[in-house]
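The file run.json contains JSON, C-alpha atoms:
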```json
[["chain", "number", "residue", "atom", "x", "y", "z"],
["D", 1303, "MET", "CA", 0.00, 0.00, 0.00],
["D", 1304, "ARG", "CA", 2.77, 2.34, 0.93],
["D", 1305, "THR", "CA", 4.63, 1.59, -2.29],
["D", 1306, "ALA", "CA", 1.52, 2.26, -4.44],
["D", 1307, "ARG", "CA", 0.93, 5.54, -2.65],
["D", 1308, "MET", "CA", 4.51, 6.65, -3.25],
["D", 1309, "ARG", "CA", 4.15, 5.80, -6.95],
["D", 1310, "ARG", "CA", 1.00, 7.95, -7.20],
["D", 1311, "ILE", "CA", 2.76, 10.87, -5.54],
["D", 1312, "ALA", "CA", 5.75, 10.44, -7.86],
["D", 1313, "ARG", "CA", 3.52, 10.42, -10.95],
["D", 1314, "ALA", "CA", 1.71, 13.57, -9.74],
["D", 1315, "VAL", "CA", 4.99, 15.40, -9.13],
["D", 1316, "LEU", "CA", 6.32, 14.30, -12.51],
["D", 1317, "GLY", "CA", 3.15, 15.51, -14.24],
["D", 1318, "MET", "CA", 3.39, 18.92, -12.60],
["D", 1319, "ALA", "CA", 7.05, 19.18, -13.56],
["D", 1320, "LEU", "CA", 6.27, 18.37, -17.19],
["D", 1321, "LEU", "CA", 3.44, 20.94, -17.19],
["D", 1322, "VAL", "CA", 5.70, 23.65, -15.80],
["D", 1323, "ALA", "CA", 8.46, 22.72, -18.25],
["D", 1324, "GLY", "CA", 6.04, 22.83, -21.14],
["D", 1325, "GLY", "CA", 4.87, 26.28, -20.08],
["D", 1326, "CYS", "CA", 8.42, 27.53, -19.80],
["D", 1327, "LEU", "CA", 9.31, 26.22, -23.24],
["D", 1328, "THR", "CA", 6.31, 27.86, -24.92],
["D", 1329, "ALA", "CA", 7.37, 31.01, -26.76],
["D", 1330, "PRO", "CA", 5.56, 34.09, -25.43],
["D", 1331, "LYS", "CA", 3.36, 36.05, -27.78],
["D", 1332, "SER", "CA", 5.05, 39.18, -29.06],
["D", 1333, "ARG", "CA", 3.40, 42.51, -28.23],
["D", 1334, "PRO", "CA", 4.17, 45.84, -29.85],
["D", 1335, "TYR", "CA", 5.94, 48.27, -27.55],
["D", 1336, "ARG", "CA", 3.86, 51.23, -26.49],
["D", 1337, "GLU", "CA", 5.35, 54.16, -24.68],
["D", 1338, "PRO", "CA", 3.42, 54.69, -21.43],
["D", 1339, "PRO", "CA", 1.48, 57.95, -21.17],
["D", 1340, "PRO", "CA", 2.90, 60.67, -18.95],
["D", 1341, "SER", "CA", 1.79, 60.50, -15.34],
["D", 1342, "ASP", "CA", 0.87, 64.17, -15.52],
["D", 1343, "ILE", "CA", 1.10, 67.11, -17.87],
["D", 1344, "LYS", "CA", 3.85, 69.47, -16.80],
["D", 1345, "THR", "CA", 3.51, 73.18, -17.57],
["D", 1346, "THR", "CA", 6.40, 75.29, -18.80],
["D", 1347, "ARG", "CA", 5.84, 78.75, -17.32],
["D", 1348, "ILE", "CA", 7.41, 81.81, -18.92],
["D", 1349, "ASP", "CA", 6.94, 85.32, -17.54],
["D", 1350, "TYR", "CA", 6.44, 87.78, -20.35],
["D", 1351, "VAL", "CA", 9.00, 90.55, -20.64],
["D", 1352, "ASP", "CA", 9.61, 92.55, -23.79],
["D", 1353, "THR", "CA", 13.15, 91.27, -24.39],
["D", 1354, "ASP", "CA", 14.97, 88.90, -26.76],
["D", 1355, "ALA", "CA", 15.40, 86.50, -23.84],
["D", 1356, "PHE", "CA", 11.64, 85.89, -23.85],
["D", 1357, "ASP", "CA", 11.75, 84.94, -27.55],
["D", 1358, "THR", "CA", 14.59, 82.52, -26.84],
["D", 1359, "LEU", "CA", 12.79, 80.84, -23.93],
["D", 1360, "LEU", "CA", 9.53, 80.45, -25.85],
["D", 1361, "GLU", "CA", 11.20, 79.16, -28.99],
["D", 1362, "THR", "CA", 13.15, 76.60, -26.95],
["D", 1363, "ALA", "CA", 9.96, 75.31, -25.30],
["D", 1364, "LEU", "CA", 8.27, 75.06, -28.70],
["D", 1365, "THR", "CA", 11.25, 73.31, -30.26],
["D", 1366, "THR", "CA", 11.15, 70.61, -27.58],
["D", 1367, "GLN", "CA", 7.36, 70.38, -28.06],
["D", 1368, "ASP", "CA", 6.53, 70.90, -24.39],
["D", 1369, "PRO", "CA", 2.97, 69.76, -23.58],
["D", 1370, "VAL", "CA", 1.79, 73.04, -22.07],
["D", 1371, "ILE", "CA", 3.39, 76.47, -22.25],
["D", 1372, "LEU", "CA", 1.92, 79.17, -20.01],
["D", 1373, "ILE", "CA", 2.92, 82.77, -20.65],
["D", 1374, "GLN", "CA", 2.20, 84.94, -17.63],
["D", 1375, "THR", "CA", 1.70, 88.60, -18.44],
["D", 1376, "ALA", "CA", 1.20, 91.57, -16.14],
["D", 1377, "HIS", "CA", -1.47, 92.97, -18.48],
["D", 1378, "GLN", "CA", -5.21, 93.07, -17.81],
["D", 1379, "LYS", "CA", -5.87, 93.97, -21.44],
["D", 1380, "PRO", "CA", -4.06, 92.65, -24.55],
["D", 1381, "ASP", "CA", -1.95, 95.79, -24.86],
["D", 1382, "TRP", "CA", 1.45, 94.12, -24.49],
["D", 1383, "GLY", "CA", 2.91, 95.39, -27.76],
["D", 1384, "GLY", "CA", 4.60, 94.02, -30.84],
["D", 1385, "ARG", "CA", 6.81, 91.21, -29.55],
["D", 1386, "LEU", "CA", 4.03, 89.06, -28.10],
["D", 1387, "ASN", "CA", 1.65, 90.06, -30.89],
["D", 1388, "GLY", "CA", 4.19, 88.66, -33.34],
["D", 1389, "TRP", "CA", 3.97, 85.23, -31.70],
["D", 1390, "ILE", "CA", 0.17, 85.34, -31.58],
["D", 1391, "ALA", "CA", 0.03, 86.40, -35.23],
["D", 1392, "ALA", "CA", 2.35, 83.54, -36.21],
["D", 1393, "TRP", "CA", 0.04, 81.11, -34.39],
["D", 1394, "ASN", "CA", -2.97, 82.67, -36.11],
["D", 1395, "LEU", "CA", -1.48, 81.98, -39.54],
["D", 1396, "GLY", "CA", -1.17, 78.28, -38.74],
["D", 1397, "GLY", "CA", -4.86, 77.41, -39.11],
["D", 1398, "LYS", "CA", -8.40, 78.71, -38.84],
["D", 1399, "VAL", "CA", -10.45, 78.65, -35.67],
["D", 1400, "ASP", "CA", -13.06, 75.88, -35.57],
["D", 1401, "ALA", "CA", -16.35, 77.71, -36.26],
["D", 1402, "ALA", "CA", -18.53, 75.44, -34.09],
["D", 1403, "SER", "CA", -16.08, 75.76, -31.24],
["D", 1404, "ASP", "CA", -16.10, 79.52, -31.62],
["D", 1405, "ARG", "CA", -19.91, 79.69, -31.46],
["D", 1406, "ARG", "CA", -20.03, 77.50, -28.35],
["D", 1407, "THR", "CA", -17.36, 79.59, -26.66],
["D", 1408, "LEU", "CA", -19.10, 82.83, -27.61],
["D", 1409, "ARG", "CA", -22.38, 81.56, -26.10],
["D", 1410, "PHE", "CA", -20.55, 80.78, -22.90],
["D", 1411, "GLN", "CA", -18.80, 84.13, -22.77],
["D", 1412, "LEU", "CA", -22.08, 86.01, -23.29],
["D", 1413, "GLY", "CA", -23.54, 84.42, -20.19],
["D", 1414, "LEU", "CA", -25.98, 81.98, -21.85],
["D", 1415, "SER", "CA", -24.53, 79.02, -19.99],
["D", 1416, "PRO", "CA", -26.54, 77.53, -17.08],
["D", 1417, "VAL", "CA", -23.38, 77.96, -14.97],
["D", 1418, "THR", "CA", -23.38, 81.26, -13.07],
["D", 1419, "VAL", "CA", -20.32, 83.31, -14.02],
["D", 1420, "ASP", "CA", -19.17, 86.89, -13.98],
["D", 1421, "ALA", "CA", -20.76, 87.47, -17.38],
["D", 1422, "GLY", "CA", -19.90, 91.16, -17.68],
["D", 1423, "SER", "CA", -16.18, 90.67, -17.12],
["D", 1424, "ILE", "CA", -16.01, 87.63, -19.41],
["D", 1425, "ARG", "CA", -17.99, 89.40, -22.13],
["D", 1426, "GLU", "CA", -15.62, 92.35, -22.11],
["D", 1427, "PHE", "CA", -12.58, 90.07, -22.09],
["D", 1428, "ARG", "CA", -13.89, 88.03, -25.00],
["D", 1429, "LEU", "CA", -14.55, 91.16, -27.05],
["D", 1430, "LEU", "CA", -11.04, 92.45, -26.33],
["D", 1431, "VAL", "CA", -9.45, 89.16, -27.41],
["D", 1432, "THR", "CA", -11.63, 88.89, -30.53],
["D", 1433, "ASP", "CA", -10.63, 92.41, -31.52],
["D", 1434, "LEU", "CA", -6.97, 91.51, -31.01],
["D", 1435, "MET", "CA", -7.22, 88.34, -33.13],
["D", 1436, "ASP", "CA", -8.97, 90.21, -35.94],
["D", 1437, "ARG", "CA", -6.07, 92.60, -36.39],
["D", 1438, "VAL", "CA", -3.08, 90.90, -34.78],
["D", 1439, "GLU", "CA", -1.23, 90.39, -38.07],
["D", 1440, "VAL", "CA", -1.44, 94.11, -38.82],
["D", 1441, "LEU", "CA", -0.23, 94.90, -35.30],
["D", 1442, "ALA", "CA", 2.66, 92.46, -35.68],
["D", 1443, "ARG", "CA", 3.66, 93.88, -39.06],
["D", 1444, "ASP", "CA", 3.65, 97.41, -37.68],
["D", 1445, "SER", "CA", 5.33, 96.83, -34.32],
["D", 1446, "SER", "CA", 7.14, 93.46, -34.15],
["D", 1447, "ALA", "CA", 10.87, 93.67, -34.76],
["D", 1448, "TRP", "CA", 11.21, 90.09, -36.07],
["D", 1449, "TRP", "CA", 7.96, 89.81, -38.04],
["D", 1450, "ALA", "CA", 9.56, 91.17, -41.23],
["D", 1451, "GLU", "CA", 12.22, 88.43, -41.14],
["D", 1452, "GLU", "CA", 10.62, 85.77, -43.34],
["D", 1453, "ARG", "CA", 12.79, 82.87, -42.18],
["D", 1454, "THR", "CA", 12.19, 83.64, -38.52],
["D", 1455, "ARG", "CA", 8.46, 84.11, -39.07],
["D", 1456, "ASN", "CA", 8.08, 80.84, -40.99],
["D", 1457, "ARG", "CA", 10.13, 78.90, -38.44],
["D", 1458, "ARG", "CA", 8.04, 80.14, -35.52],
["D", 1459, "LEU", "CA", 4.81, 79.58, -37.43],
["D", 1460, "ALA", "CA", 5.78, 75.92, -37.94],
["D", 1461, "LEU", "CA", 6.68, 75.51, -34.27],
["D", 1462, "LEU", "CA", 3.29, 76.87, -33.18],
["D", 1463, "LYS", "CA", 1.17, 74.72, -35.50],
["D", 1464, "PRO", "CA", 0.71, 71.77, -33.08],
["D", 1465, "TYR", "CA", -0.72, 74.06, -30.39],
["D", 1466, "ASN", "CA", -4.04, 75.70, -29.62],
["D", 1467, "ILE", "CA", -4.23, 78.87, -27.56],
["D", 1468, "ARG", "CA", -6.24, 79.98, -24.55],
["D", 1469, "PHE", "CA", -6.43, 83.47, -23.07],
["D", 1470, "ASN", "CA", -7.09, 83.06, -19.36],
["D", 1471, "LEU", "CA", -7.67, 85.65, -16.65],
["D", 1472, "ASP", "CA", -5.79, 84.70, -13.48],
["D", 1473, "GLY", "CA", -6.86, 85.50, -9.94],
["D", 1474, "ASP", "CA", -5.42, 89.03, -10.22],
["D", 1475, "LYS", "CA", -7.20, 89.59, -13.57],
["D", 1476, "ASN", "CA", -3.91, 89.46, -15.43],
["D", 1477, "ILE", "CA", -3.91, 87.64, -18.76],
["D", 1478, "GLN", "CA", -2.26, 84.26, -19.16],
["D", 1479, "ILE", "CA", -1.65, 82.84, -22.63],
["D", 1480, "ILE", "CA", -1.70, 79.03, -22.62],
["D", 1481, "PHE", "CA", -0.41, 76.98, -25.56],
["D", 1482, "PHE", "CA", -1.51, 73.32, -25.38],
["D", 1483, "ASN", "CA", 0.16, 70.72, -27.62],
["D", 1484, "GLY", "CA", -2.31, 68.63, -29.64],
["D", 1485, "ARG", "CA", -0.11, 65.54, -29.21],
["D", 1486, "TYR", "CA", -1.45, 65.43, -25.65],
["D", 1487, "SER", "CA", -5.06, 66.09, -26.66],
["D", 1488, "GLU", "CA", -6.44, 63.20, -24.55],
["D", 1489, "TYR", "CA", -5.35, 65.10, -21.43],
["D", 1490, "TYR", "CA", -6.61, 68.50, -22.58],
["D", 1491, "ARG", "CA", -10.05, 68.61, -20.99],
["D", 1492, "ASP", "CA", -8.97, 67.36, -17.56],
["D", 1493, "PHE", "CA", -6.01, 69.71, -17.52],
["D", 1494, "MET", "CA", -8.08, 72.77, -18.42],
["D", 1495, "GLN", "CA", -10.79, 71.90, -15.92],
["D", 1496, "GLY", "CA", -8.10, 71.94, -13.25],
["D", 1497, "ILE", "CA", -7.36, 75.56, -14.18],
["D", 1498, "THR", "CA", -10.75, 77.00, -15.11],
["D", 1499, "GLY", "CA", -13.30, 74.53, -13.73],
["D", 1500, "PRO", "CA", -16.03, 72.83, -15.81],
["D", 1501, "GLU", "CA", -17.23, 74.84, -18.81],
["D", 1502, "PRO", "CA", -20.21, 73.06, -20.43],
["D", 1503, "ASP", "CA", -20.12, 75.18, -23.59],
["D", 1504, "GLU", "CA", -16.45, 74.44, -24.28],
["D", 1505, "PRO", "CA", -15.48, 71.88, -26.94],
["D", 1506, "GLN", "CA", -15.29, 68.37, -25.53],
["D", 1507, "GLY", "CA", -11.73, 67.89, -26.77],
["D", 1508, "TRP", "CA", -8.73, 69.65, -28.19],
["D", 1509, "VAL", "CA", -9.28, 71.75, -31.31],
["D", 1510, "ARG", "CA", -6.89, 74.18, -32.94],
["D", 1511, "GLY", "CA", -8.62, 77.38, -32.01],
["D", 1512, "TYR", "CA", -8.52, 80.11, -29.41],
["D", 1513, "THR", "CA", -10.72, 80.34, -26.33],
["D", 1514, "CYS", "CA", -11.14, 82.65, -23.34],
["D", 1515, "SER", "CA", -11.65, 81.75, -19.71],
["D", 1516, "GLN", "CA", -11.01, 82.79, -16.14],
["D", 1517, "CYS", "CA", -9.27, 80.88, -13.38],
["D", 1518, "LYS", "CA", -11.28, 78.48, -11.21],
["D", 1519, "ALA", "CA", -10.88, 80.53, -8.02],
["D", 1520, "LYS", "CA", -12.15, 83.65, -9.74],
["D", 1521, "ARG", "CA", -15.12, 81.78, -11.24],
["D", 1522, "GLU", "CA", -16.04, 80.28, -7.88],
["D", 1523, "ALA", "CA", -15.80, 83.67, -6.18],
["D", 1524, "ALA", "CA", -17.98, 85.24, -8.89],
["D", 1525, "SER", "CA", -20.53, 82.44, -8.53],
["D", 1526, "LYS", "CA", -20.58, 82.88, -4.75],
["D", 1527, "ASP", "CA", -21.01, 86.65, -5.05],
["D", 1528, "ALA", "CA", -23.87, 86.15, -7.51],
["D", 1529, "ALA", "CA", -25.58, 83.68, -5.17],
["D", 1530, "GLN", "CA", -25.22, 86.07, -2.22],
["D", 1531, "SER", "CA", -26.57, 88.93, -4.29],
["D", 1532, "GLU", "CA", -29.56, 86.84, -5.33],
["D", 1533, "LEU", "CA", -30.16, 85.83, -1.72],
["D", 1534, "GLN", "CA", -30.02, 89.46, -0.60],
["D", 1535, "GLY", "CA", -32.77, 90.23, -3.09],
["D", 1536, "ILE", "CA", -34.95, 87.32, -1.99],
["D", 1537, "VAL", "CA", -34.86, 88.02, 1.76],
["D", 1538, "PRO", "CA", -36.54, 91.49, 1.58],
["D", 1539, "ALA", "CA", -39.22, 90.06, -0.72],
["D", 1540, "ILE", "CA", -39.99, 87.31, 1.81],
["D", 1541, "ARG", "CA", -40.19, 89.86, 4.61],
["D", 1542, "ARG", "CA", -42.63, 91.99, 2.61],
["D", 1543, "MET", "CA", -44.81, 88.95, 1.93],
["D", 1544, "THR", "CA", -44.73, 88.08, 5.64],
["D", 1545, "ARG", "CA", -45.85, 91.59, 6.66],
["D", 1546, "VAL", "CA", -48.71, 91.48, 4.16],
["D", 1547, "ASP", "CA", -49.89, 88.13, 5.59],
["D", 1548, "GLU", "CA", -49.71, 89.49, 9.15],
["D", 1549, "GLN", "CA", -51.77, 92.54, 8.23],
["D", 1550, "ARG", "CA", -54.47, 90.30, 6.80]]
```

What is this structure when it is put down as C-alpha cells?
Amino acid sequence: MRTARMRRIARAVLGMALLVAGGCLTAPKSRPYREPPPSDIKTTRIDYVDTDAFDTLLETALTTQDPVILIQTAHQKPDWGGRLNGWIAAWNLGGKVDAASDRRTLRFQLGLSPVTVDAGSIREFRLLVTDLMDRVEVLARDSSAWWAEERTRNRRLALLKPYNIRFNLDGDKNIQIIFFNGRYSEYYRDFMQGITGPEPDEPQGWVRGYTCSQCKAKREAASKDAAQSELQGIVPAIRRMTRVDEQR
C-alpha cells in the first residue's frame, strides 16, 4: 500500500514538472511596444518681458514640443505690444479657428450658460481678445521687430502649429496665454478643468482654435457673489410677503 501511494505521488509530481516545463518552453506572444502615457502634464511657465530673452525661452519650449506652455503677463488687457503680438500672429497663420467651437465659446462668454459666471467681465474680455485676433497680423507687421524676417516668421509659425491657444484671466485679472500641444489632446479637458473649472459650452476635446476663460478661483468667487446677491434680493421680498400676511 505504501509503495503504491509513493508511486501515485511520484507520478503527480512528474506531471506537474512536465506541465511547468512545457509552459516555460512555450514562446511568449510578441506585443508591440507602447510608450506609457505621462503620469501628468507638466507646464512650462514663462513670464512675459519685452526682451529677446523671452523669444529665446519660448522658442526653446516650442522646439522641444513641451505639452503646455503658459505665458504669464502683467497685463489686464491685450496691450502688451509688438513682440508678443508677433507670436500670436504667427500662431494665427497656422490654421483657422473651428467655427462650431467659436460659437459655443461665444455663447458661454455672453452668459448663456446655465453655470453662473461673472458674465460682464467675461464678455468684455472676449470682445477684447476677438478684436486683437482680428487685427493681430497688422499689429505684428507694424510693431514686431522680427515679423519682417521671413525665415524667422516661418520657423516660428511651424513651431506653433501643433498648439491651440487659450487666453485666461488669473486671480489678479492678469492675462495668461496658454499653448496646449495637440499631441497630448487626450489630457486636454482634464487639464483645463483643473485651471478653469467645468465649462459646459467648451469643446469636448482639443481643437486648434482660441478660447477665453477665467481661473477656477475667480469663477467660484464670482458664482458665490452672484448667489449672495440673489439671496439678498430674496430676503426682503420674503419679509414683505410676511408683513402682508400678518396685516391680513

Any idea what's packed within 10 Å of Thr1353 (chain D), counting all atoms listed in the file, ignoring anything in its chain fewer than 4 positions away? Could you give it as a PyMOL selection string? chain D and resi 1357-1358+1385

Pick from D:Ala1363, D:Leu1395, D:Ile1373, D:Ile1424, whichever lies nearest to Glu1439 (chain D) using all atoms listed in the file: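 Smallest separation from Glu1439 (chain D) among the options: D:Leu1395.
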
Excluding same-chain residues fewer than 6 positions from Leu1372 (chain D), what lies within 9 Å of it counting all atoms listed in the file, as a PDB file with C-alpha atoms, in the frame of the given file?
```pdb
ATOM      1  CA  THR D1345       3.510  73.180 -17.570  1.00  0.00           C
ATOM      2  CA  THR D1346       6.400  75.290 -18.800  1.00  0.00           C
ATOM      3  CA  ARG D1347       5.840  78.750 -17.320  1.00  0.00           C
ATOM      4  CA  ILE D1348       7.410  81.810 -18.920  1.00  0.00           C
ATOM      5  CA  ASP D1349       6.940  85.320 -17.540  1.00  0.00           C
ATOM      6  CA  GLN D1478      -2.260  84.260 -19.160  1.00  0.00           C
ATOM      7  CA  ILE D1479      -1.650  82.840 -22.630  1.00  0.00           C
ATOM      8  CA  ILE D1480      -1.700  79.030 -22.620  1.00  0.00           C
ATOM      9  CA  PHE D1481      -0.410  76.980 -25.560  1.00  0.00           C
ATOM     10  CA  PHE D1482      -1.510  73.320 -25.380  1.00  0.00           C
TER      11      PHE D1482
END
```

Just to confirm, what's the straight-line distance from CA of Asn1483 (chain D) to CA of Thr1454 (chain D) in Å (one decimal)?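 Going from CA of Asn1483 (chain D) over to CA of Thr1454 (chain D), I get 20.7 Å.
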
Atomic separation - CA of Gln1516 (chain D) relative to CA of Asp1444 (chain D), Å: 29.9 Å

Top pick for closest residue to Thr1498 (chain D), considering D:Asn1470, D:Thr1513, D:Ser1423, D:Ser1445 and counting all atoms listed in the file: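 Closest residue, counting all atoms listed in the file: D:Asn1470.
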
One decimal, Å: what's the distance from CA of Gly1388 (chain D) over to CA of Trp1449 (chain D), could you say?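 Separation of CA of Gly1388 (chain D) and CA of Trp1449 (chain D): 6.1 Å.
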